[in-house]
Structures are given as structure tokens and as C-alpha cells.
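Okay, entry14.pdb is below, PDB, C-alpha atoms and all ligand atoms:
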MODEL        1
ATOM      1  CA  MET A   1      -1.524   9.411 -11.048
ATOM      2  CA  TRP A   2      -3.391  10.712  -7.986
ATOM      3  CA  SER A   3      -7.151  10.749  -7.500
ATOM      4  CA  GLY A   4      -7.319  11.266  -3.752
ATOM      5  CA  GLY A   5      -8.636   7.741  -3.297
ATOM      6  CA  CYS A   6      -7.149   5.170  -0.912
ATOM      7  CA  ASP A   7      -4.760   3.420  -3.312
ATOM      8  CA  SER A   8      -3.109   6.353  -5.064
ATOM      9  CA  THR A   9      -2.756   8.320  -1.810
ATOM     10  CA  LEU A  10      -0.933   5.384  -0.197
ATOM     11  CA  ILE A  11       1.562   5.253  -3.086
ATOM     12  CA  LEU A  12       2.041   9.009  -2.968
ATOM     13  CA  ASN A  13       2.721   8.886   0.755
ATOM     14  CA  ASP A  14       5.281   6.083   0.322
ATOM     15  CA  LEU A  15       7.083   8.015  -2.424
ATOM     16  CA  ALA A  16       6.815  11.394  -0.704
ATOM     17  CA  LYS A  17       8.874  10.140   2.247
ATOM     18  CA  ASN A  18      11.910  10.120  -0.046
ATOM     19  CA  SER A  19      11.123  13.423  -1.732
ATOM     20  CA  SER A  20      13.307  16.494  -1.443
ATOM     21  CA  TYR A  21      13.420  20.035  -2.740
ATOM     22  CA  GLN A  22      15.680  18.853  -5.573
ATOM     23  CA  ASN A  23      13.628  15.699  -6.202
ATOM     24  CA  PRO A  24       9.941  16.443  -5.670
ATOM     25  CA  ILE A  25       7.176  13.943  -6.403
ATOM     26  CA  TYR A  26       4.910  15.068  -9.234
ATOM     27  CA  THR A  27       1.276  14.046  -8.997
ATOM     28  CA  VAL A  28      -1.106  14.249 -11.921
ATOM     29  CA  THR A  29      -4.824  14.457 -11.183
ATOM     30  CA  ILE A  30      -7.210  14.180 -14.099
ATOM     31  CA  LEU A  31     -10.581  15.870 -13.640
ATOM     32  CA  ASN A  32     -13.421  14.605 -15.809
ATOM     33  CA  ARG A  33     -16.987  14.620 -14.548
ATOM     34  CA  GLN A  34     -18.330  12.317 -17.229
ATOM     35  CA  ILE A  35     -15.941   9.481 -16.496
ATOM     36  CA  GLY A  36     -14.021  10.121 -13.291
ATOM     37  CA  GLY A  37     -17.009  10.049 -10.911
ATOM     38  CA  GLY A  38     -19.864  12.492 -10.316
ATOM     39  CA  LYS A  39     -19.675  16.097  -9.177
ATOM     40  CA  ASP A  40     -20.081  15.272  -5.476
ATOM     41  CA  GLN A  41     -17.458  12.512  -5.553
ATOM     42  CA  GLN A  42     -15.014  14.850  -7.295
ATOM     43  CA  LYS A  43     -15.680  17.550  -4.715
ATOM     44  CA  MET A  44     -14.916  15.155  -1.847
ATOM     45  CA  GLU A  45     -11.821  13.773  -3.586
ATOM     46  CA  SER A  46     -10.585  17.309  -4.116
ATOM     47  CA  LEU A  47     -11.088  18.048  -0.422
ATOM     48  CA  ALA A  48      -9.233  14.852   0.536
ATOM     49  CA  ARG A  49      -6.311  15.815  -1.718
ATOM     50  CA  LYS A  50      -6.165  19.314  -0.229
ATOM     51  CA  GLU A  51      -6.107  17.909   3.296
ATOM     52  CA  TYR A  52      -3.426  15.367   2.411
ATOM     53  CA  LEU A  53      -1.281  18.135   0.864
ATOM     54  CA  ILE A  54      -1.533  20.179   4.075
ATOM     55  CA  TYR A  55      -0.440  17.086   6.033
ATOM     56  CA  ALA A  56       2.392  16.447   3.548
ATOM     57  CA  LYS A  57       3.614  20.010   3.936
ATOM     58  CA  SER A  58       3.715  19.557   7.718
ATOM     59  CA  LYS A  59       5.908  16.476   7.158
ATOM     60  CA  LYS A  60       8.168  18.533   4.846
ATOM     61  CA  TYR A  61       7.387  16.307   1.847
ATOM     62  CA  HIS A  62       7.956  17.894  -1.550
ATOM     63  CA  ILE A  63       4.954  17.317  -3.815
ATOM     64  CA  LYS A  64       3.983  19.192  -6.946
ATOM     65  CA  ASN A  65       0.346  18.587  -7.835
ATOM     66  CA  ILE A  66      -0.652  19.015 -11.471
ATOM     67  CA  LYS A  67      -4.401  19.144 -12.141
ATOM     68  CA  ILE A  68      -5.764  18.613 -15.622
ATOM     69  CA  LYS A  69      -9.379  19.090 -16.615
ATOM     70  CA  LEU A  70     -10.298  16.971 -19.609
ATOM     71  CA  GLU A  71     -13.843  17.583 -20.735
ATOM     72  CA  CYS A  72     -15.701  17.763 -23.970
ATOM     73  CA  LEU A  73     -17.312  21.226 -24.042
ATOM     74  CA  ASN A  74     -20.283  20.646 -26.317
ATOM     75  CA  SER A  75     -20.962  16.923 -26.146
ATOM     76  CA  GLN A  76     -19.978  13.928 -24.025
ATOM     77  CA  PHE A  77     -17.111  11.488 -24.127
ATOM     78  CA  SER A  78     -18.497   8.100 -25.010
ATOM     79  CA  ASN A  79     -18.742   5.934 -21.902
ATOM     80  CA  ASP A  80     -20.539   2.700 -22.597
ATOM     81  CA  ASN A  81     -18.906   0.780 -19.747
ATOM     82  CA  GLN A  82     -16.942  -1.391 -22.099
ATOM     83  CA  GLY A  83     -13.169  -1.473 -21.912
ATOM     84  CA  LEU A  84     -11.289   0.814 -19.590
ATOM     85  CA  ILE A  85     -12.104   4.298 -20.842
ATOM     86  CA  GLN A  86     -10.904   5.825 -17.556
ATOM     87  CA  ALA A  87      -7.374   4.619 -18.330
ATOM     88  CA  LEU A  88      -7.609   6.130 -21.820
ATOM     89  CA  ILE A  89      -8.529   9.536 -20.371
ATOM     90  CA  TRP A  90      -5.732   9.303 -17.792
ATOM     91  CA  ILE A  91      -3.163   8.398 -20.432
ATOM     92  CA  CYS A  92      -4.223  11.345 -22.629
ATOM     93  CA  GLY A  93      -3.833  13.664 -19.658
ATOM     94  CA  VAL A  94      -0.536  12.457 -18.251
ATOM     95  CA  LEU A  95       1.507  11.796 -21.407
ATOM     96  CA  PRO A  96       2.453  15.409 -22.202
ATOM     97  CA  PHE A  97       3.982  15.769 -18.725
ATOM     98  CA  LEU A  98       6.229  12.727 -18.879
ATOM     99  CA  GLU A  99       9.926  13.151 -19.485
ATOM    100  CA  ASN A 100      12.647  10.668 -20.291
ATOM    101  CA  ASP A 101      13.461   8.298 -17.399
ATOM    102  CA  ASP A 102      10.407   9.368 -15.358
ATOM    103  CA  GLU A 103       8.717   6.718 -13.233
ATOM    104  CA  LEU A 104       4.944   6.641 -13.672
ATOM    105  CA  ASN A 105       3.060   5.030 -10.771
ATOM    106  CA  PHE A 106      -0.458   3.635 -11.046
ATOM    107  CA  GLY A 107      -2.453   2.708  -7.930
ATOM    108  CA  TYR A 108      -4.204  -0.399  -9.196
ATOM    109  CA  ILE A 109      -4.541  -3.210  -6.672
ATOM    110  CA  ARG A 110      -5.162  -6.942  -6.702
ATOM    111  CA  GLY A 111      -8.558  -7.737  -8.214
ATOM    112  CA  ASP A 112      -8.974  -4.497 -10.212
ATOM    113  CA  ASP A 113     -10.382  -4.759 -13.766
ATOM    114  CA  PHE A 114      -7.239  -2.980 -14.902
ATOM    115  CA  TRP A 115      -5.160  -6.169 -15.006
ATOM    116  CA  HIS A 116      -7.154  -7.410 -18.014
ATOM    117  CA  TYR A 117      -5.930  -4.302 -19.866
ATOM    118  CA  LYS A 118      -2.412  -3.969 -18.463
ATOM    119  CA  GLU A 119      -0.552  -4.833 -21.678
ATOM    120  CA  TYR A 120      -2.683  -2.412 -23.749
ATOM    121  CA  VAL A 121      -2.016   0.415 -21.297
ATOM    122  CA  ILE A 122       1.739  -0.220 -21.164
ATOM    123  CA  ASN A 123       1.968  -0.534 -24.946
ATOM    124  CA  SER A 124      -0.130   2.623 -25.480
ATOM    125  CA  ILE A 125       2.088   4.676 -23.202
ATOM    126  CA  ASN A 126       5.335   3.328 -24.634
ATOM    127  CA  GLN A 127       4.235   3.821 -28.248
ATOM    128  CA  SER A 128       2.776   7.289 -27.612
ATOM    129  CA  LEU A 129       5.910   8.511 -25.865
ATOM    130  CA  LYS A 130       7.912   7.856 -29.012
ATOM    131  CA  LEU A 131       6.184  11.016 -30.291
ATOM    132  CA  LYS A 132       8.291  12.995 -27.854
ATOM    133  CA  GLY A 133      11.324  10.745 -27.853
ATOM    134  CA  ALA A 134      10.894   9.751 -24.227
ATOM    135  CA  SER A 135      10.937   6.461 -22.408
ATOM    136  CA  VAL A 136       9.470   5.962 -18.933
ATOM    137  CA  LYS A 137       9.253   3.231 -16.362
ATOM    138  CA  ILE A 138       5.655   2.223 -15.564
ATOM    139  CA  LEU A 139       5.192   0.954 -12.011
ATOM    140  CA  PHE A 140       2.357  -0.753 -10.132
ATOM    141  CA  PRO A 141       3.577  -0.793  -6.517
ATOM    142  CA  LEU A 142       0.271  -2.130  -5.118
ATOM    143  CA  GLU A 143      -0.207  -4.909  -7.692
ATOM    144  CA  TRP A 144      -0.320  -7.685  -5.082
ATOM    145  CA  GLU A 145      -2.067  -5.841  -2.259
ATOM    146  CA  ASN A 146      -5.762  -6.174  -1.462
ATOM    147  CA  LYS A 147      -8.102  -3.533   0.003
ATOM    148  CA  LEU A 148      -7.691  -4.855   3.542
ATOM    149  CA  GLU A 149      -3.914  -4.389   3.345
ATOM    150  CA  ILE A 150      -4.317  -0.912   1.818
ATOM    151  CA  ILE A 151      -6.722   0.329   4.497
ATOM    152  CA  THR A 152      -4.644  -1.225   7.274
ATOM    153  CA  ARG A 153      -1.544   0.586   6.018
ATOM    154  CA  LEU A 154      -3.372   3.909   5.552
ATOM    155  CA  LYS A 155      -4.602   3.646   9.143
ATOM    156  CA  SER A 156      -1.189   2.768  10.518
ATOM    157  CA  GLU A 157       0.276   5.781   8.655
ATOM    158  CA  ASN A 158      -2.574   7.883  10.082
ATOM    159  CA  ILE A 159      -3.570   9.146   6.624
ATOM    160  CA  TYR A 160      -6.793   7.205   6.029
ATOM    161  CA  LYS A 161      -8.686  10.382   6.978
ATOM    162  CA  TYR A 162      -7.127  12.157   3.989
ATOM    163  CA  THR A 163      -8.622   9.748   1.436
ATOM    164  CA  TRP A 164     -12.053   9.417  -0.155
ATOM    165  CA  TYR A 165     -13.774   6.365  -1.643
ATOM    166  CA  CYS A 166     -17.573   6.824  -1.931
ATOM    167  CA  GLU A 167     -19.020   7.241  -5.444
ATOM    168  CA  ASN A 168     -22.230   8.848  -4.291
ATOM    169  CA  PRO A 169     -21.672  11.050  -1.218
ATOM    170  CA  ILE A 170     -24.697  12.356   0.659
ATOM    171  CA  ASN A 171     -24.178  15.621   2.594
ATOM    172  CA  ASN A 172     -20.394  15.135   2.326
ATOM    173  CA  LYS A 173     -20.601  11.702   3.969
ATOM    174  CA  PRO A 174     -20.154   8.222   2.449
ATOM    175  CA  CYS A 175     -23.491   6.826   1.220
ATOM    176  CA  LYS A 176     -22.846   3.315   2.618
ATOM    177  CA  GLU A 177     -24.734   1.913  -0.392
ATOM    178  CA  CYS A 178     -22.413   2.149  -3.412
ATOM    179  CA  LEU A 179     -20.037  -0.637  -4.394
ATOM    180  CA  LYS A 180     -17.012   1.210  -2.968
ATOM    181  CA  CYS A 181     -18.774   1.819   0.369
ATOM    182  CA  LYS A 182     -19.843  -1.825   0.617
ATOM    183  CA  ASN A 183     -16.290  -2.911  -0.092
ATOM    184  CA  ILE A 184     -14.884  -0.570   2.569
ATOM    185  CA  ASN A 185     -17.538  -1.615   5.096
ATOM    186  CA  LEU A 186     -16.529  -5.234   4.602
ATOM    187  CA  VAL A 187     -12.868  -4.318   5.129
ATOM    188  CA  GLU A 188     -13.719  -2.333   8.279
ATOM    189  CA  TYR A 189     -15.597  -5.366   9.571
ATOM    190  CA  GLN A 190     -12.580  -7.603   8.857
ATOM    191  CA  ILE A 191     -10.265  -5.180  10.638
ATOM    192  CA  LYS A 192     -12.554  -5.101  13.664
ATOM    193  CA  LYS A 193     -12.696  -8.884  13.752
ATOM    194  CA  GLY A 194      -8.913  -9.008  13.390
ATOM    195  CA  ARG A 195      -9.193 -11.382  10.468
ATOM    196  CA  LYS A 196      -7.218 -11.366   7.226
TER     197      LYS A 196
HETATM  198 ZN    ZN B 201     -20.848   5.215  -1.211
ENDMDL
END

Would you write out, as C-alpha cells, the structure that this file holds?
Amino acid sequence: MWSGGCDSTLILNDLAKNSSYQNPIYTVTILNRQIGGGKDQQKMESLARKEYLIYAKSKKYHIKNIKIKLECLNSQFSNDNQGLIQALIWICGVLPFLENDDELNFGYIRGDDFWHYKEYVINSINQSLKLKGASVKILFPLEWENKLEIITRLKSENIYKYTWYCENPINNKPCKECLKCKNINLVEYQIKKGRK
């Protein structure tokens, strides 16, 4: 699952290093304006993904990017900020693409709300895949990493510039006010101070 954010791009980059023409990495990006961030955030994430894919091509990585738009055409998906509706949308989008013995990677990191819902997500995927007779391995490679470790690794790989985090971009620049920006600013400060 690839949004173009810091966490999923780091996983993709790790996996892409072992990709080949015969064994490409498939990314699935779910586009939904009602739940997956606003129009401006989606535009910047899309740009970040495009730039990463150009970089990946220059490194001879083999990535196949699948984009799925999931929107209700004449009403809105319910989003009352309870539960983890984003995960529900992602699962609906990715399931039809999964085949037996695939490995499905999620970019959740230490401290994410996701961990309260982990069992539900795993059970939902496993049960749903019985409808197509498939079984997949669900992986969380960044489970124990925090944002400081993620950003440090993205910088050392020189791919931080191909990621996007801000929820409310202003003139294509991070707003510095949203929760994601504040989090990143804190991490940048920690990196500068050389603390962990
Ligand atoms: Zn922001």
C-alpha cells in the first residue's frame, strides 16, 4: 500500500532494491478525497509518487503502480472519525488485486492508531480473501520504528525529497501548522540537535 508519504515510500524503497523484471514490486495507491486527505494533499502526494518513480527508474528498480479511485459519486462515505475507516477503504481497494502467496506490506509505525485495530484488519483481509481462495502474508516492516528513525533513514537514502506529509499544503508547500507538520518539525529539530 503506497500513499507517497514517508512511511510507505521507505518500505517501497527497501523492497524495490530486490526487485527485478521477473519479480516487480506492485504498489497499490487508493485515491479517495473524502477520507484519504484533501485535494491539495492528494495533489502533492501524487507529485511525490511521480518523482519517486522517476528516481526508481534511474536505479533500475521494477515497480508497477496500481492506482484505484474509490469514491461515492452521489453522496459521501461516512467519516465520523470513529474507528479506522481509512483502513476499510484501503482493504476494499487492494483485495481484488491480491493473489495467493502475495506479501502485503503496510507502512504503519510505532505509535499509530492502527495498532488498536490490527487484529480486525488482519482478520478482515484473511476472511475476505477466502472469497477468491487466496491466502496472503500481511507484513508491517516498520512496526517498531518511530518517525525520527523513518526520517533519518529516508534522508540517508536520499529519498526524503520524494515524500510528502502535510495535510494542508499552502502554495505547494507544507503548512507548518497541521499535526503532521508539527510532528515532522519536532523530528527535524531532534535531528539537528543530534538527539534520539
Ligand atoms: Zn501541514

Taking all atoms listed in the file into account, name the residue in A:Phe114, A:Tyr108, A:Tyr55, A:Tyr165 that is nearest to ligand ZN 201 (chain B).
A:Tyr165

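Residues of protein, DNA or RNA lying at most 12 Å from ligand ZN 201 (chain B), when only C-alpha atoms and all ligand atoms are considered, are Gly37, Gly38, Asp40, Gln41, Met44, Trp164, Tyr165, Cys166, Glu167, Asn168, Pro169, Ile170, Asn171, Asn172, Lys173, Pro174, Cys175, Lys176, Glu177, Cys178, Leu179, Lys180, Cys181, Lys182, Asn183, Ile184 and Asn185 of chain A.
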
Store the residues of this selection in a file with C-alpha atoms, as an mmCIF file, in the coordinates of the input.
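Contents of part.cif, as written:
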data_model
loop_
_atom_site.group_PDB
_atom_site.id
_atom_site.type_symbol
_atom_site.label_atom_id
_atom_site.label_comp_id
_atom_site.auth_asym_id
_atom_site.auth_seq_id
_atom_site.Cartn_x
_atom_site.Cartn_y
_atom_site.Cartn_z
ATOM 1 C CA GLY A 37 -17.009 10.049 -10.911
ATOM 2 C CA GLY A 38 -19.864 12.492 -10.316
ATOM 3 C CA ASP A 40 -20.081 15.272 -5.476
ATOM 4 C CA GLN A 41 -17.458 12.512 -5.553
ATOM 5 C CA MET A 44 -14.916 15.155 -1.847
ATOM 6 C CA TRP A 164 -12.053 9.417 -0.155
ATOM 7 C CA TYR A 165 -13.774 6.365 -1.643
ATOM 8 C CA CYS A 166 -17.573 6.824 -1.931
ATOM 9 C CA GLU A 167 -19.020 7.241 -5.444
ATOM 10 C CA ASN A 168 -22.230 8.848 -4.291
ATOM 11 C CA PRO A 169 -21.672 11.050 -1.218
ATOM 12 C CA ILE A 170 -24.697 12.356 0.659
ATOM 13 C CA ASN A 171 -24.178 15.621 2.594
ATOM 14 C CA ASN A 172 -20.394 15.135 2.326
ATOM 15 C CA LYS A 173 -20.601 11.702 3.969
ATOM 16 C CA PRO A 174 -20.154 8.222 2.449
ATOM 17 C CA CYS A 175 -23.491 6.826 1.220
ATOM 18 C CA LYS A 176 -22.846 3.315 2.618
ATOM 19 C CA GLU A 177 -24.734 1.913 -0.392
ATOM 20 C CA CYS A 178 -22.413 2.149 -3.412
ATOM 21 C CA LEU A 179 -20.037 -0.637 -4.394
ATOM 22 C CA LYS A 180 -17.012 1.210 -2.968
ATOM 23 C CA CYS A 181 -18.774 1.819 0.369
ATOM 24 C CA LYS A 182 -19.843 -1.825 0.617
ATOM 25 C CA ASN A 183 -16.290 -2.911 -0.092
ATOM 26 C CA ILE A 184 -14.884 -0.570 2.569
ATOM 27 C CA ASN A 185 -17.538 -1.615 5.096
#

Using only C-alpha atoms, which of the listed residues (A:Val187, A:Leu70, A:Leu53, A:Ile122) sits closest to A:Leu139?
A:Ile122

Would you compute the distance between atom CA of A:Lys17 and atom CA of A:Cys92? Give it in Å to one decimal.
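Computing it gives 28.1 Å between the two atoms.
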
Point out the residue among A:Gln82, A:Thr152, A:Thr27, A:Asn123 with the least atom-to-atom distance to A:Cys6, counting all atoms listed in the file.
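Among A:Gln82, A:Thr152, A:Thr27, A:Asn123, it is A:Thr152 that comes nearest to A:Cys6.
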
Hey, which bits of stretch 44-124 of chain A sit within 9 Å of stretch 142-147 of chain A, and for each residue what's the closest pair of atoms and how far apart in Å (one decimal), counting all atoms listed in the file, rows by chain and increasing number, as a tab-separated table?
residue	atom	partner	partner_atom	distance
A:Phe106	CA	A:Leu142	CA	8.3
A:Gly107	CA	A:Leu142	CA	6.2
A:Tyr108	CA	A:Glu143	CA	6.2
A:Ile109	CA	A:Glu143	CA	4.8
A:Arg110	CA	A:Trp144	CA	5.2
A:Gly111	CA	A:Asn146	CA	7.5
A:Trp115	CA	A:Glu143	CA	8.9

Could you please give me, as a PyMOL selection string, the residues of protein, DNA or RNA lying at most 10 Å from (10.6, 11.7, -3.8) in the coordinate frame of the file, considering only C-alpha atoms?
chain A and resi 12-26+61-63

Could those residues be written to a file, using C-alpha atoms, as an mmCIF file, in the frame of the given file?
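Written output follows (result11.cif):
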data_model
loop_
_atom_site.group_PDB
_atom_site.id
_atom_site.type_symbol
_atom_site.label_atom_id
_atom_site.label_comp_id
_atom_site.auth_asym_id
_atom_site.auth_seq_id
_atom_site.Cartn_x
_atom_site.Cartn_y
_atom_site.Cartn_z
ATOM 1 C CA LEU A 12 2.041 9.009 -2.968
ATOM 2 C CA ASN A 13 2.721 8.886 0.755
ATOM 3 C CA ASP A 14 5.281 6.083 0.322
ATOM 4 C CA LEU A 15 7.083 8.015 -2.424
ATOM 5 C CA ALA A 16 6.815 11.394 -0.704
ATOM 6 C CA LYS A 17 8.874 10.140 2.247
ATOM 7 C CA ASN A 18 11.910 10.120 -0.046
ATOM 8 C CA SER A 19 11.123 13.423 -1.732
ATOM 9 C CA SER A 20 13.307 16.494 -1.443
ATOM 10 C CA TYR A 21 13.420 20.035 -2.740
ATOM 11 C CA GLN A 22 15.680 18.853 -5.573
ATOM 12 C CA ASN A 23 13.628 15.699 -6.202
ATOM 13 C CA PRO A 24 9.941 16.443 -5.670
ATOM 14 C CA ILE A 25 7.176 13.943 -6.403
ATOM 15 C CA TYR A 26 4.910 15.068 -9.234
ATOM 16 C CA TYR A 61 7.387 16.307 1.847
ATOM 17 C CA HIS A 62 7.956 17.894 -1.550
ATOM 18 C CA ILE A 63 4.954 17.317 -3.815
#

Selection result of the PyMOL selection byres (((chain A and resi 93) around 9) and not hetatm) on this file, as a PDB file with C-alpha atoms, keeping the file's coordinate frame:
ATOM      1  CA  VAL A  28      -1.106  14.249 -11.921  1.00  0.00           C
ATOM      2  CA  THR A  29      -4.824  14.457 -11.183  1.00  0.00           C
ATOM      3  CA  ILE A  30      -7.210  14.180 -14.099  1.00  0.00           C
ATOM      4  CA  ILE A  68      -5.764  18.613 -15.622  1.00  0.00           C
ATOM      5  CA  LYS A  69      -9.379  19.090 -16.615  1.00  0.00           C
ATOM      6  CA  LEU A  70     -10.298  16.971 -19.609  1.00  0.00           C
ATOM      7  CA  LEU A  88      -7.609   6.130 -21.820  1.00  0.00           C
ATOM      8  CA  ILE A  89      -8.529   9.536 -20.371  1.00  0.00           C
ATOM      9  CA  TRP A  90      -5.732   9.303 -17.792  1.00  0.00           C
ATOM     10  CA  ILE A  91      -3.163   8.398 -20.432  1.00  0.00           C
ATOM     11  CA  CYS A  92      -4.223  11.345 -22.629  1.00  0.00           C
ATOM     12  CA  VAL A  94      -0.536  12.457 -18.251  1.00  0.00           C
ATOM     13  CA  LEU A  95       1.507  11.796 -21.407  1.00  0.00           C
ATOM     14  CA  PRO A  96       2.453  15.409 -22.202  1.00  0.00           C
ATOM     15  CA  PHE A  97       3.982  15.769 -18.725  1.00  0.00           C
TER      16      PHE A  97
END

With 3 Å on each side, where is the centre of the axis-aligned box around all listed atoms of stretch 4-12 of chain A, and how long are its edges in Å to one decimal, as AutoDock Vina command-line options?
--center_x -3.3 --center_y 7.3 --center_z -2.6 --size_x 16.7 --size_y 13.8 --size_z 10.9
